[in-house]
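Data first, discussion second: the structure below is written as structure tokens.
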Protein chains: 2
Amino acid sequence: MVIYGRNPVREAFRGRRKVLRVWATRATERESWLSEALRDSAVDLTRAEPDEVEALAATREHQGVCAEVEPYPYANARQLYAPDDALVIVLDEIQDPHNVGALARVAECAGASGLVLPERRSAEITPAVCKASAGAVEHLPVARVPTVADYLAGAKQAGAWIYGAAGEADTLYDAPDYRGKVVLVMGSEGKGLRQRVADSCDALIRLPMAGKIQSLNVATAGAVLIYEILQNRLQRQGPS
Amino acid sequence: MVIYGRNPVREAFRGRRKVLRVWATRATERESWLSEALRDSAVDLTRAEPDEVEALAATREHQGVCAEVEPYPYANARQLYAPDDALVIVLDEIQDPHNVGALARVAECAGASGLVLPERRSAEITPAVCKASAGAVEHLPVARVPTVADYLAGAKQAGAWIYGAAGEADTLYDAPDYRGKVVLVMGSEGKGLRQRVADSCDALIRLPMAGKIQSLNVATAGAVLIYEILQNRLQRQGPS
């Protein structure tokens, strides 16, 4: 797999999978992050013209650098909810790589346990997702599951509370007590949660909407929810 | 100006500026939102082939519809902080239209007073920003100012508290009391706030970071901050 862009390549050097080869333009190869990463590893750099990097990356968004890396090391989905304070983010058929990447970036920054994607009708961890995540997927555990509803059933049996984000929910997002194992399910922007997935949730939650347009982007809504869960846990731990 | 895409065109019909003409493909012209909007207005629809819409919109992301609309009606920047509970979002030299659009969408959904952009080195309200905002800019007041620091000085004189988002800040984002007039300043992803802008803030605030990558996308970070301000106000109003 050839990943591209500064952040994705830098984080691949710091992450779990092996970097096999790097191509960089004359301008980019002088950047200190790259020379440091190369010095600390045994990876070869090939100097390339911008159009060669573009051809290897198959996109113009390469920022002068790309790297051949091992296949993405997917995590074990059940292990993600093992910790007592697990926070697992499940994306129900989100196909836009920008949204999957953006949510992975938020989840990693916030210290979530991991991200779960269904095997079908979902973006997987492609180079475009790596780029949109700013390399966060090299650190965040990401797992794939055959069916979301079965995964949620297993998490529930293991003691997790399942919250689904849904615009039509009765419960405001800041009402629940989010301590303990939590799974947060986000649906696709157009269709929301599938019925069987919504039925698998313990509660549906929503953000308050005060404007004339009635829908947030799934990545920004997910960011608000993930940070609320963290803040809510800290506040409830505080006084007890 | 020719805007494109379902949400931008639909919201333009519901918004402040006049829609002058619409082009749609055979498939899109049958969609109910469009036939309803046309029925309630005196606007002519021209049926067009997909490549004609692409040429008019100058992008492939047109979803089969585009519209000629009046120039964007910028708001008066000073009026945005007139209300006692104003919440004004200032973007300091954010150039990516996706980020400006995403922040406008969150600001509109959350009921913020408006968005302020500097006249130089910033995206303005282009068709790409309209698309990225899902049409939110047709409802949200957006103003342009010659210099951000001068604007912040005026807001401060009018009684606003100025918060700047900065990764290196000492204050966590949930510590302040956000009641009253508030201005939130977001810097560009690469460079953050300019020094003179940071110096104009009453406080710098940050989100907690628990992962290995140390930066959120500016749109997701802005979403978390905007919703925190709203929630913080409601909670502090509650008991008093």
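We name chains A, B, ... following the order of the structure tokens; residues begin at 1 in each chain, and ligands are numbered from 1 as shown.
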Taking only C-alpha atoms into account, produce a table as a tab-separated table in which each residue of chain A with an atom at most 6 Å from an atom of chain B appears once, together with its shortest atom pair and the distance in Å to one decimal, ordered by chain and rising number.
residue	atom	partner	partner_atom	distance
A:Glu108	CA	B:Gly211	CA	5.3
A:Cys109	CA	B:Gly211	CA	4.4
A:Ala110	CA	B:Ala210	CA	5.2
A:Gly111	CA	B:Ala210	CA	4.7
A:Met209	CA	B:Cys109	CA	5.3
A:Ala210	CA	B:Gly111	CA	4.7
A:Gly211	CA	B:Cys109	CA	4.5
A:Thr220	CA	B:Thr220	CA	4.9
A:Ala223	CA	B:Thr220	CA	5.8
A:Val224	CA	B:Val224	CA	4.6
Could you give me chain A least-squares fitted onto chain B (all C-alpha atoms, paired in order), as a PDB file with C-alpha atoms, in the first residue's frame?
ATOM      1  CA  MET A   1     -22.002  33.781  -8.713  1.00  0.00           C
ATOM      2  CA  VAL A   2     -22.885  30.189  -9.588  1.00  0.00           C
ATOM      3  CA  ILE A   3     -23.375  27.916  -6.582  1.00  0.00           C
ATOM      4  CA  TYR A   4     -23.839  24.173  -6.907  1.00  0.00           C
ATOM      5  CA  GLY A   5     -25.060  21.107  -5.074  1.00  0.00           C
ATOM      6  CA  ARG A   6     -28.390  20.142  -3.496  1.00  0.00           C
ATOM      7  CA  ASN A   7     -28.010  21.708  -0.050  1.00  0.00           C
ATOM      8  CA  PRO A   8     -26.480  24.989  -1.248  1.00  0.00           C
ATOM      9  CA  VAL A   9     -29.187  25.540  -3.878  1.00  0.00           C
ATOM     10  CA  ARG A  10     -32.025  24.526  -1.540  1.00  0.00           C
ATOM     11  CA  GLU A  11     -30.777  26.819   1.241  1.00  0.00           C
ATOM     12  CA  ALA A  12     -30.262  29.684  -1.234  1.00  0.00           C
ATOM     13  CA  PHE A  13     -34.003  29.500  -2.005  1.00  0.00           C
ATOM     14  CA  ARG A  14     -34.725  29.694   1.737  1.00  0.00           C
ATOM     15  CA  GLY A  15     -32.066  32.327   2.448  1.00  0.00           C
ATOM     16  CA  ARG A  16     -31.314  36.044   2.069  1.00  0.00           C
ATOM     17  CA  ARG A  17     -30.091  36.383  -1.493  1.00  0.00           C
ATOM     18  CA  LYS A  18     -32.056  36.106  -4.692  1.00  0.00           C
ATOM     19  CA  VAL A  19     -31.794  33.007  -6.846  1.00  0.00           C
ATOM     20  CA  LEU A  20     -31.684  34.241 -10.446  1.00  0.00           C
ATOM     21  CA  ARG A  21     -31.595  31.035 -12.481  1.00  0.00           C
ATOM     22  CA  VAL A  22     -31.303  27.296 -11.945  1.00  0.00           C
ATOM     23  CA  TRP A  23     -29.844  24.551 -14.123  1.00  0.00           C
ATOM     24  CA  ALA A  24     -30.582  20.927 -13.332  1.00  0.00           C
ATOM     25  CA  THR A  25     -30.158  17.565 -14.968  1.00  0.00           C
ATOM     26  CA  ARG A  26     -33.169  15.499 -15.941  1.00  0.00           C
ATOM     27  CA  ALA A  27     -32.684  13.270 -12.877  1.00  0.00           C
ATOM     28  CA  THR A  28     -32.275  16.108 -10.385  1.00  0.00           C
ATOM     29  CA  GLU A  29     -35.113  18.280 -11.665  1.00  0.00           C
ATOM     30  CA  ARG A  30     -37.593  15.630 -10.508  1.00  0.00           C
ATOM     31  CA  GLU A  31     -36.465  15.792  -6.900  1.00  0.00           C
ATOM     32  CA  SER A  32     -39.247  17.131  -4.694  1.00  0.00           C
ATOM     33  CA  TRP A  33     -37.172  19.768  -2.853  1.00  0.00           C
ATOM     34  CA  LEU A  34     -36.366  21.404  -6.198  1.00  0.00           C
ATOM     35  CA  SER A  35     -39.835  21.321  -7.680  1.00  0.00           C
ATOM     36  CA  GLU A  36     -41.219  22.775  -4.433  1.00  0.00           C
ATOM     37  CA  ALA A  37     -38.629  25.553  -4.382  1.00  0.00           C
ATOM     38  CA  LEU A  38     -39.346  26.426  -8.011  1.00  0.00           C
ATOM     39  CA  ARG A  39     -43.108  26.384  -7.465  1.00  0.00           C
ATOM     40  CA  ASP A  40     -42.797  28.837  -4.557  1.00  0.00           C
ATOM     41  CA  SER A  41     -40.590  31.241  -6.543  1.00  0.00           C
ATOM     42  CA  ALA A  42     -40.602  32.786  -9.987  1.00  0.00           C
ATOM     43  CA  VAL A  43     -37.273  31.280 -10.944  1.00  0.00           C
ATOM     44  CA  ASP A  44     -36.763  29.558 -14.268  1.00  0.00           C
ATOM     45  CA  LEU A  45     -35.253  26.120 -14.508  1.00  0.00           C
ATOM     46  CA  THR A  46     -33.109  25.195 -17.467  1.00  0.00           C
ATOM     47  CA  ARG A  47     -32.692  21.510 -18.063  1.00  0.00           C
ATOM     48  CA  ALA A  48     -29.028  20.730 -18.724  1.00  0.00           C
ATOM     49  CA  GLU A  49     -26.795  17.777 -19.410  1.00  0.00           C
ATOM     50  CA  PRO A  50     -24.443  16.722 -16.587  1.00  0.00           C
ATOM     51  CA  ASP A  51     -21.423  18.100 -18.457  1.00  0.00           C
ATOM     52  CA  GLU A  52     -23.129  21.473 -18.882  1.00  0.00           C
ATOM     53  CA  VAL A  53     -23.804  21.654 -15.144  1.00  0.00           C
ATOM     54  CA  GLU A  54     -20.198  20.639 -14.548  1.00  0.00           C
ATOM     55  CA  ALA A  55     -18.982  23.439 -16.822  1.00  0.00           C
ATOM     56  CA  LEU A  56     -21.226  26.035 -15.142  1.00  0.00           C
ATOM     57  CA  ALA A  57     -20.254  24.890 -11.651  1.00  0.00           C
ATOM     58  CA  ALA A  58     -16.592  24.412 -12.632  1.00  0.00           C
ATOM     59  CA  THR A  59     -16.471  21.256 -10.510  1.00  0.00           C
ATOM     60  CA  ARG A  60     -17.718  17.678 -10.570  1.00  0.00           C
ATOM     61  CA  GLU A  61     -19.315  18.047  -7.141  1.00  0.00           C
ATOM     62  CA  HIS A  62     -22.493  19.618  -8.498  1.00  0.00           C
ATOM     63  CA  GLN A  63     -24.945  16.758  -7.781  1.00  0.00           C
ATOM     64  CA  GLY A  64     -26.828  17.662 -10.958  1.00  0.00           C
ATOM     65  CA  VAL A  65     -27.850  21.182  -9.972  1.00  0.00           C
ATOM     66  CA  CYS A  66     -26.421  24.703  -9.933  1.00  0.00           C
ATOM     67  CA  ALA A  67     -27.852  28.192  -9.604  1.00  0.00           C
ATOM     68  CA  GLU A  68     -26.884  31.741 -10.414  1.00  0.00           C
ATOM     69  CA  VAL A  69     -27.378  33.822  -7.283  1.00  0.00           C
ATOM     70  CA  GLU A  70     -26.728  37.415  -6.206  1.00  0.00           C
ATOM     71  CA  PRO A  71     -23.322  38.235  -4.683  1.00  0.00           C
ATOM     72  CA  TYR A  72     -22.923  37.046  -1.095  1.00  0.00           C
ATOM     73  CA  PRO A  73     -24.586  39.542   1.308  1.00  0.00           C
ATOM     74  CA  TYR A  74     -21.896  40.079   3.926  1.00  0.00           C
ATOM     75  CA  ALA A  75     -23.091  41.213   7.341  1.00  0.00           C
ATOM     76  CA  ASN A  76     -21.969  44.173   9.433  1.00  0.00           C
ATOM     77  CA  ALA A  77     -19.227  42.806  11.669  1.00  0.00           C
ATOM     78  CA  ARG A  78     -19.939  45.097  14.638  1.00  0.00           C
ATOM     79  CA  GLN A  79     -23.606  44.191  14.757  1.00  0.00           C
ATOM     80  CA  LEU A  80     -22.667  40.582  15.351  1.00  0.00           C
ATOM     81  CA  TYR A  81     -21.531  41.302  18.921  1.00  0.00           C
ATOM     82  CA  ALA A  82     -24.421  43.634  19.753  1.00  0.00           C
ATOM     83  CA  PRO A  83     -26.642  41.044  21.538  1.00  0.00           C
ATOM     84  CA  ASP A  84     -25.922  40.477  25.243  1.00  0.00           C
ATOM     85  CA  ASP A  85     -25.458  36.754  24.601  1.00  0.00           C
ATOM     86  CA  ALA A  86     -23.575  37.130  21.300  1.00  0.00           C
ATOM     87  CA  LEU A  87     -21.342  34.253  20.221  1.00  0.00           C
ATOM     88  CA  VAL A  88     -19.126  35.357  17.348  1.00  0.00           C
ATOM     89  CA  ILE A  89     -16.677  32.969  15.686  1.00  0.00           C
ATOM     90  CA  VAL A  90     -13.603  34.639  14.164  1.00  0.00           C
ATOM     91  CA  LEU A  91     -11.407  32.658  11.764  1.00  0.00           C
ATOM     92  CA  ASP A  92      -7.840  33.977  11.673  1.00  0.00           C
ATOM     93  CA  GLU A  93      -6.503  33.358   8.155  1.00  0.00           C
ATOM     94  CA  ILE A  94      -8.142  29.983   7.532  1.00  0.00           C
ATOM     95  CA  GLN A  95      -7.737  29.391   3.822  1.00  0.00           C
ATOM     96  CA  ASP A  96      -9.172  25.923   3.257  1.00  0.00           C
ATOM     97  CA  PRO A  97     -12.757  26.343   1.999  1.00  0.00           C
ATOM     98  CA  HIS A  98     -13.696  22.979   3.537  1.00  0.00           C
ATOM     99  CA  ASN A  99     -12.747  24.179   7.000  1.00  0.00           C
ATOM    100  CA  VAL A 100     -14.446  27.561   6.608  1.00  0.00           C
ATOM    101  CA  GLY A 101     -17.579  25.832   5.321  1.00  0.00           C
ATOM    102  CA  ALA A 102     -17.568  23.200   8.058  1.00  0.00           C
ATOM    103  CA  LEU A 103     -17.197  25.853  10.759  1.00  0.00           C
ATOM    104  CA  ALA A 104     -20.012  27.919   9.229  1.00  0.00           C
ATOM    105  CA  ARG A 105     -22.219  24.820   9.300  1.00  0.00           C
ATOM    106  CA  VAL A 106     -21.499  24.149  12.974  1.00  0.00           C
ATOM    107  CA  ALA A 107     -21.951  27.823  13.873  1.00  0.00           C
ATOM    108  CA  GLU A 108     -25.324  27.943  12.125  1.00  0.00           C
ATOM    109  CA  CYS A 109     -26.567  24.684  13.662  1.00  0.00           C
ATOM    110  CA  ALA A 110     -25.496  25.806  17.118  1.00  0.00           C
ATOM    111  CA  GLY A 111     -27.212  29.188  16.791  1.00  0.00           C
ATOM    112  CA  ALA A 112     -24.063  31.359  16.884  1.00  0.00           C
ATOM    113  CA  SER A 113     -24.465  35.067  16.066  1.00  0.00           C
ATOM    114  CA  GLY A 114     -22.130  34.945  13.096  1.00  0.00           C
ATOM    115  CA  LEU A 115     -18.762  34.296  11.552  1.00  0.00           C
ATOM    116  CA  VAL A 116     -16.004  36.858  10.904  1.00  0.00           C
ATOM    117  CA  LEU A 117     -13.289  36.447   8.273  1.00  0.00           C
ATOM    118  CA  PRO A 118     -10.344  38.740   7.600  1.00  0.00           C
ATOM    119  CA  GLU A 119     -10.348  40.345   4.150  1.00  0.00           C
ATOM    120  CA  ARG A 120      -6.868  39.077   3.339  1.00  0.00           C
ATOM    121  CA  ARG A 121      -5.333  35.598   3.488  1.00  0.00           C
ATOM    122  CA  SER A 122      -8.658  33.955   4.192  1.00  0.00           C
ATOM    123  CA  ALA A 123     -11.178  32.027   2.169  1.00  0.00           C
ATOM    124  CA  GLU A 124     -14.197  34.180   1.361  1.00  0.00           C
ATOM    125  CA  ILE A 125     -17.714  32.868   0.760  1.00  0.00           C
ATOM    126  CA  THR A 126     -17.092  31.136  -2.548  1.00  0.00           C
ATOM    127  CA  PRO A 127     -19.303  28.439  -4.077  1.00  0.00           C
ATOM    128  CA  ALA A 128     -16.908  25.853  -2.579  1.00  0.00           C
ATOM    129  CA  VAL A 129     -17.503  27.298   0.898  1.00  0.00           C
ATOM    130  CA  CYS A 130     -21.278  27.272   0.243  1.00  0.00           C
ATOM    131  CA  LYS A 131     -21.000  23.580  -0.625  1.00  0.00           C
ATOM    132  CA  ALA A 132     -18.823  22.707   2.368  1.00  0.00           C
ATOM    133  CA  SER A 133     -21.264  24.538   4.652  1.00  0.00           C
ATOM    134  CA  ALA A 134     -24.223  22.538   3.273  1.00  0.00           C
ATOM    135  CA  GLY A 135     -25.832  25.908   2.536  1.00  0.00           C
ATOM    136  CA  ALA A 136     -25.493  27.189   6.128  1.00  0.00           C
ATOM    137  CA  VAL A 137     -23.909  30.454   4.908  1.00  0.00           C
ATOM    138  CA  GLU A 138     -27.260  31.424   3.365  1.00  0.00           C
ATOM    139  CA  HIS A 139     -28.624  31.781   6.925  1.00  0.00           C
ATOM    140  CA  LEU A 140     -25.610  32.481   9.143  1.00  0.00           C
ATOM    141  CA  PRO A 141     -24.421  36.114   9.105  1.00  0.00           C
ATOM    142  CA  VAL A 142     -20.836  36.250   7.808  1.00  0.00           C
ATOM    143  CA  ALA A 143     -18.789  39.462   7.930  1.00  0.00           C
ATOM    144  CA  ARG A 144     -15.363  40.467   6.643  1.00  0.00           C
ATOM    145  CA  VAL A 145     -13.008  42.790   8.518  1.00  0.00           C
ATOM    146  CA  PRO A 146      -9.795  44.560   7.455  1.00  0.00           C
ATOM    147  CA  THR A 147      -7.842  43.413  10.514  1.00  0.00           C
ATOM    148  CA  VAL A 148      -8.750  40.810  13.104  1.00  0.00           C
ATOM    149  CA  ALA A 149      -6.905  42.516  15.984  1.00  0.00           C
ATOM    150  CA  ASP A 150      -8.784  45.792  15.498  1.00  0.00           C
ATOM    151  CA  TYR A 151     -12.074  43.912  15.337  1.00  0.00           C
ATOM    152  CA  LEU A 152     -11.285  42.133  18.586  1.00  0.00           C
ATOM    153  CA  ALA A 153     -10.383  45.452  20.234  1.00  0.00           C
ATOM    154  CA  GLY A 154     -13.794  46.845  19.245  1.00  0.00           C
ATOM    155  CA  ALA A 155     -15.578  43.749  20.548  1.00  0.00           C
ATOM    156  CA  LYS A 156     -13.691  43.988  23.841  1.00  0.00           C
ATOM    157  CA  GLN A 157     -14.707  47.629  24.216  1.00  0.00           C
ATOM    158  CA  ALA A 158     -18.309  46.561  23.670  1.00  0.00           C
ATOM    159  CA  GLY A 159     -18.010  44.157  26.605  1.00  0.00           C
ATOM    160  CA  ALA A 160     -17.174  40.885  24.858  1.00  0.00           C
ATOM    161  CA  TRP A 161     -14.754  38.325  26.264  1.00  0.00           C
ATOM    162  CA  ILE A 162     -12.316  37.090  23.645  1.00  0.00           C
ATOM    163  CA  TYR A 163     -11.210  33.443  23.757  1.00  0.00           C
ATOM    164  CA  GLY A 164      -8.516  32.151  21.427  1.00  0.00           C
ATOM    165  CA  ALA A 165      -8.097  28.436  20.692  1.00  0.00           C
ATOM    166  CA  ALA A 166      -4.438  27.478  21.071  1.00  0.00           C
ATOM    167  CA  GLY A 167      -2.874  24.056  21.616  1.00  0.00           C
ATOM    168  CA  GLU A 168      -0.310  25.490  24.035  1.00  0.00           C
ATOM    169  CA  ALA A 169      -2.851  27.294  26.243  1.00  0.00           C
ATOM    170  CA  ASP A 170      -2.879  26.743  30.028  1.00  0.00           C
ATOM    171  CA  THR A 171      -6.662  26.944  30.386  1.00  0.00           C
ATOM    172  CA  LEU A 172      -8.800  23.924  29.573  1.00  0.00           C
ATOM    173  CA  TYR A 173     -11.783  24.693  27.380  1.00  0.00           C
ATOM    174  CA  ASP A 174     -14.380  23.809  30.006  1.00  0.00           C
ATOM    175  CA  ALA A 175     -13.008  26.085  32.746  1.00  0.00           C
ATOM    176  CA  PRO A 176     -14.309  29.560  31.740  1.00  0.00           C
ATOM    177  CA  ASP A 177     -17.754  30.979  32.434  1.00  0.00           C
ATOM    178  CA  TYR A 178     -18.964  31.653  28.902  1.00  0.00           C
ATOM    179  CA  ARG A 179     -22.053  33.709  29.766  1.00  0.00           C
ATOM    180  CA  GLY A 180     -22.329  37.172  28.222  1.00  0.00           C
ATOM    181  CA  LYS A 181     -20.871  38.330  24.919  1.00  0.00           C
ATOM    182  CA  VAL A 182     -18.241  35.887  23.696  1.00  0.00           C
ATOM    183  CA  VAL A 183     -15.892  35.938  20.719  1.00  0.00           C
ATOM    184  CA  LEU A 184     -14.088  32.684  19.874  1.00  0.00           C
ATOM    185  CA  VAL A 185     -11.023  32.971  17.627  1.00  0.00           C
ATOM    186  CA  MET A 186      -9.748  29.945  15.700  1.00  0.00           C
ATOM    187  CA  GLY A 187      -6.357  30.000  13.975  1.00  0.00           C
ATOM    188  CA  SER A 188      -5.229  28.166  10.887  1.00  0.00           C
ATOM    189  CA  GLU A 189      -4.232  24.520  11.285  1.00  0.00           C
ATOM    190  CA  GLY A 190      -0.621  24.925  10.368  1.00  0.00           C
ATOM    191  CA  LYS A 191       0.240  28.149  12.112  1.00  0.00           C
ATOM    192  CA  GLY A 192      -2.329  28.640  14.852  1.00  0.00           C
ATOM    193  CA  LEU A 193      -3.198  32.164  15.976  1.00  0.00           C
ATOM    194  CA  ARG A 194      -0.951  35.003  14.870  1.00  0.00           C
ATOM    195  CA  GLN A 195       0.878  36.603  17.806  1.00  0.00           C
ATOM    196  CA  ARG A 196      -0.963  39.914  17.550  1.00  0.00           C
ATOM    197  CA  VAL A 197      -4.292  38.073  17.483  1.00  0.00           C
ATOM    198  CA  ALA A 198      -3.345  35.865  20.456  1.00  0.00           C
ATOM    199  CA  ASP A 199      -2.305  39.014  22.349  1.00  0.00           C
ATOM    200  CA  SER A 200      -5.764  40.470  21.703  1.00  0.00           C
ATOM    201  CA  CYS A 201      -7.482  37.576  23.487  1.00  0.00           C
ATOM    202  CA  ASP A 202      -8.594  37.688  27.117  1.00  0.00           C
ATOM    203  CA  ALA A 203      -7.802  33.989  27.498  1.00  0.00           C
ATOM    204  CA  LEU A 204      -6.354  31.170  25.439  1.00  0.00           C
ATOM    205  CA  ILE A 205      -8.121  27.831  25.773  1.00  0.00           C
ATOM    206  CA  ARG A 206      -7.289  24.307  24.680  1.00  0.00           C
ATOM    207  CA  LEU A 207      -8.838  20.889  24.333  1.00  0.00           C
ATOM    208  CA  PRO A 208      -7.274  18.034  26.317  1.00  0.00           C
ATOM    209  CA  MET A 209      -5.184  15.733  24.108  1.00  0.00           C
ATOM    210  CA  ALA A 210      -4.690  12.125  25.123  1.00  0.00           C
ATOM    211  CA  GLY A 211      -3.282  10.548  21.964  1.00  0.00           C
ATOM    212  CA  LYS A 212      -0.019  10.400  20.070  1.00  0.00           C
ATOM    213  CA  ILE A 213      -0.942  12.916  17.403  1.00  0.00           C
ATOM    214  CA  GLN A 214      -1.289  16.316  18.935  1.00  0.00           C
ATOM    215  CA  SER A 215      -3.620  18.267  16.733  1.00  0.00           C
ATOM    216  CA  LEU A 216      -7.262  18.225  15.840  1.00  0.00           C
ATOM    217  CA  ASN A 217      -8.641  19.511  12.579  1.00  0.00           C
ATOM    218  CA  VAL A 218      -9.718  23.134  13.066  1.00  0.00           C
ATOM    219  CA  ALA A 219     -13.319  22.380  12.124  1.00  0.00           C
ATOM    220  CA  THR A 220     -13.718  19.508  14.597  1.00  0.00           C
ATOM    221  CA  ALA A 221     -11.933  21.470  17.349  1.00  0.00           C
ATOM    222  CA  GLY A 222     -14.186  24.452  16.623  1.00  0.00           C
ATOM    223  CA  ALA A 223     -17.277  22.246  16.807  1.00  0.00           C
ATOM    224  CA  VAL A 224     -16.288  20.970  20.261  1.00  0.00           C
ATOM    225  CA  LEU A 225     -15.601  24.502  21.514  1.00  0.00           C
ATOM    226  CA  ILE A 226     -18.818  26.007  20.125  1.00  0.00           C
ATOM    227  CA  TYR A 227     -20.984  23.283  21.673  1.00  0.00           C
ATOM    228  CA  GLU A 228     -19.097  23.567  24.975  1.00  0.00           C
ATOM    229  CA  ILE A 229     -19.837  27.307  25.096  1.00  0.00           C
ATOM    230  CA  LEU A 230     -23.545  26.664  24.553  1.00  0.00           C
ATOM    231  CA  GLN A 231     -23.730  23.824  27.063  1.00  0.00           C
ATOM    232  CA  ASN A 232     -21.707  25.774  29.629  1.00  0.00           C
ATOM    233  CA  ARG A 233     -24.148  28.712  29.349  1.00  0.00           C
ATOM    234  CA  LEU A 234     -27.169  26.484  29.794  1.00  0.00           C
ATOM    235  CA  GLN A 235     -25.685  24.708  32.808  1.00  0.00           C
ATOM    236  CA  ARG A 236     -24.727  27.962  34.509  1.00  0.00           C
ATOM    237  CA  GLN A 237     -28.129  29.481  33.826  1.00  0.00           C
ATOM    238  CA  GLY A 238     -29.839  26.423  35.247  1.00  0.00           C
ATOM    239  CA  PRO A 239     -29.134  26.670  38.981  1.00  0.00           C
ATOM    240  CA  SER A 240     -29.120  30.498  39.267  1.00  0.00           C
TER     241      SER A 240
END
Which of range 3-205 of chain A fall in helix (DSSP H, G or I), as a PyMOL selection string:
chain A and resi 6-14+26-29+32-39+50-57+77-80+97-110+127-132+136-138+148-157+195-199
Members of range 26-79 of chain A assigned strand (DSSP E or B) by DSSP, as a list in words
Leu45, Thr46, Arg47, Val65, Cys66, Ala67, Glu68 and Val69 of chain A
